[in-house]
Amino acid sequence: MGAQPLIRVEKLQKHFPIRLGAFGERAVTVHALDDATFDIAEGETLSLVGESGCGKSTTGFAILNLHRPTAGRVVYQGRDIATLDEKAMRPIRRDLQIVFQDPYSTLNPRMTVGDAVGEPILFHGLCKRSELPHRIERLLADVGLPPRFAQRYPHELSGGQRQRVAIARALACQPKFIVCDEAISALDVSIQAQIINLLLDLQEKYGLTYLFIAHDLAVVRHISTRVGVMYLGRLAELGTRDQLFGEPLHPYTKALMSAVPEADPVAERNRHRQILEGDVPSPLNPPPGCRFHTRCPIAMAECRTIVPEWRDRGEGHFVACHAVPA
Ligand SMILES: Nc1ncnc2c1ncn2[C@@H]1O[C@H](COP(=O)(O)OP(=O)(O)O)[C@@H](O)[C@H]1O
Ligand code: SF4
Ligand SMILES: [Mg+2]
């Protein structure tokens with residue numbers, strides 16, 4: 001890992017104004033992401049975990065400026081890219097890519113695999129037309145597909161093959177950073193393992209940095225350098241994989257981690273699964289103070305009014321909780 005972060009995220013916020021009611025008469029705000037501050041180091045895999053709707057995808061989209069952040073900064077190569085318009089973003093887009101859960105959302109059904117993989121190269125003017133077939137062939141080889149796949153259409157491929165094509169397309173512009181947003185979640189378990197290994201091989205080969213969004217904690221434990229835990233639009237905790245799985249500090253992280261089966265049979269027999277009571281509150285009206293206080297087993301009076309500070313407990317282990325000693 002380099003000393004300089006590849007990306008620095010500072011107090012990043014994304015609120016979605018929406019309208020409710022039969023006639024859209026009620027204007028409300030979805031607090032999808034608030035006050036996220038963290039670095040992403042070059043060459044690392046930083047995973048984001050947390051229940052559905054907690055703001056993981058929003059974080060990925062806001063970092064890439066695919067959703068314009070409401071507030072905060074995203075510093076990439078010394079520049080705040082959060083406020084750039086699409087034209088200014090264009091040269092930077094090459095470096096920052098995303099792979100989604102459902103490759104159908106990125107692959108045009110009427111475009112061959114070769115055209116889909118070649119399109120970003122042409123768009124950014126990265127090679128001569130005459131060199132394109134060779135570039136496409138190399139990209140397909142990178143993701144483990146033979147050259148003949150260039151002539152195929154997305155519907156002729158299996159789910160795993162389609163995801164390989166989506167990865168080849170993301171790789172086409174030689175990016176530095178890829179957001180993998182539930183990129184393996186829809187695949188069969190055996191195929192998931194293949195795609196994870198592919199992502200890890202590509203990371204090593206090209207020095208890629210990943211923001212890996214996932215809900216399968218066993219996978220996250222396998223691939224992550226560091227892990228961030230989100231709850232209702234806020235980061236609860238962030239640290240190395242060993243810190244988060246071995247010595248979680250935040251009550252929400254502890255509950256999440258208690259659901260992960262242990263490999264060691266003795267540890268597994270002694271594992272105490274902690275079930276959280278109640279539902280996640282609405283992001284339209286998140287609880288004041290600590291957003292987790294309505295479900296936290298150790299909530300105190302101050303948790304209901306004072307937002308816990310995001311602080312480093314040492315060795316890069318960040319947590320936001322009043323009950324964790326400084
Ligand atoms: N485009 C949007 N407009 C309005 N609300 C949105 C939009 N995208 C996401 N949200 C809301 O923001 C919150 C966070 O969503 P998301 O980031 O997709 O969560 P996750 O990826 O963790 O499941 C959710 O309440 C979701 O409904
Ligand atoms: S700040 Fe309070 S409510 Fe929030 S996690 Fe810590 S103890 Fe629980
Ligand atoms: Mg999501």
# chains A, B, ... in the order shown; residues from 1 in each chain; ligands from 1
>>> residues_near_ligand(ligand="ligand 3", cutoff="9 Å", atoms="only C-alpha atoms and all ligand atoms", output="MDAnalysis selection string")
chainID A and resid 52:58 60 101 181:182 213:214
>>> residues_near_ligand(ligand="ligand 2", cutoff="9 Å", atoms="only C-alpha atoms and all ligand atoms", output="PyMOL selection string")
chain A and resi 236+250-252+289-304+306-309+320-324
>>> closest_residue(among="A:Ile121, A:Leu232, A:Leu249, A:Ala255", to="ligand 1", atoms="only C-alpha atoms and all ligand atoms")
A:Leu232
>>> closest_residue(among="A:Pro283, A:Gly72, A:Pro325, A:Gly114", to="ligand 1", atoms="only C-alpha atoms and all ligand atoms")
A:Pro283
>>> closest_residue(among="A:Arg79, A:Arg241, A:Arg8, A:Arg19", to="ligand 1", atoms="only C-alpha atoms and all ligand atoms")
A:Arg19
>>> residues_around(residues="segment 157-171 of chain A", least_positions_apart="3", cutoff="6 Å", atoms="only C-alpha atoms", output="list in words")
Gln97, Pro103, Val117, Leu139, Val143, Pro154 and Gln174 of chain A
>>> write_last_selection(atoms="N, CA, C and O atoms", output="compact mmCIF listing (two decimals), in the first residue's frame")
# COMPACT_ATOMS: atom_id res chain seq x y z
N GLN A 97 -13.90 3.07 -12.47
CA GLN A 97 -14.92 2.24 -13.12
C GLN A 97 -15.83 1.56 -12.10
O GLN A 97 -15.55 1.57 -10.91
N PRO A 103 -25.07 -7.64 -14.92
CA PRO A 103 -24.37 -7.13 -16.09
C PRO A 103 -25.32 -6.68 -17.20
O PRO A 103 -24.93 -5.92 -18.07
N VAL A 117 -16.95 -4.36 -25.31
CA VAL A 117 -15.64 -4.21 -24.68
C VAL A 117 -14.84 -3.10 -25.39
O VAL A 117 -14.08 -2.36 -24.76
N LEU A 139 -8.23 -8.23 -23.84
CA LEU A 139 -9.12 -8.00 -22.69
C LEU A 139 -9.94 -9.24 -22.39
O LEU A 139 -10.13 -9.62 -21.22
N VAL A 143 -9.94 -11.83 -18.90
CA VAL A 143 -11.06 -12.28 -18.06
C VAL A 143 -11.40 -13.74 -18.33
O VAL A 143 -12.47 -14.22 -17.94
N PRO A 154 -24.94 -10.81 -25.45
CA PRO A 154 -25.09 -11.10 -24.02
C PRO A 154 -26.02 -12.27 -23.72
O PRO A 154 -25.74 -13.08 -22.84
N GLN A 174 -7.93 0.70 -18.85
CA GLN A 174 -6.83 0.56 -17.89
C GLN A 174 -7.06 1.41 -16.64
O GLN A 174 -6.29 2.32 -16.34
>>> atom_distance(atom1="atom CA of Leu208 of chain A", atom2="atom CA of Phe177 of chain A")
5.9 Å
>>> atom_distance(atom1="atom CA of Arg313 of chain A", atom2="atom CA of Glu44 of chain A")
20.9 Å
>>> residues_around(residues="segment 198-206 of chain A", least_positions_apart="5", cutoff="8 Å", atoms="only C-alpha atoms", output="NGL selection string")
:A and (43 or 142-143 or 223)
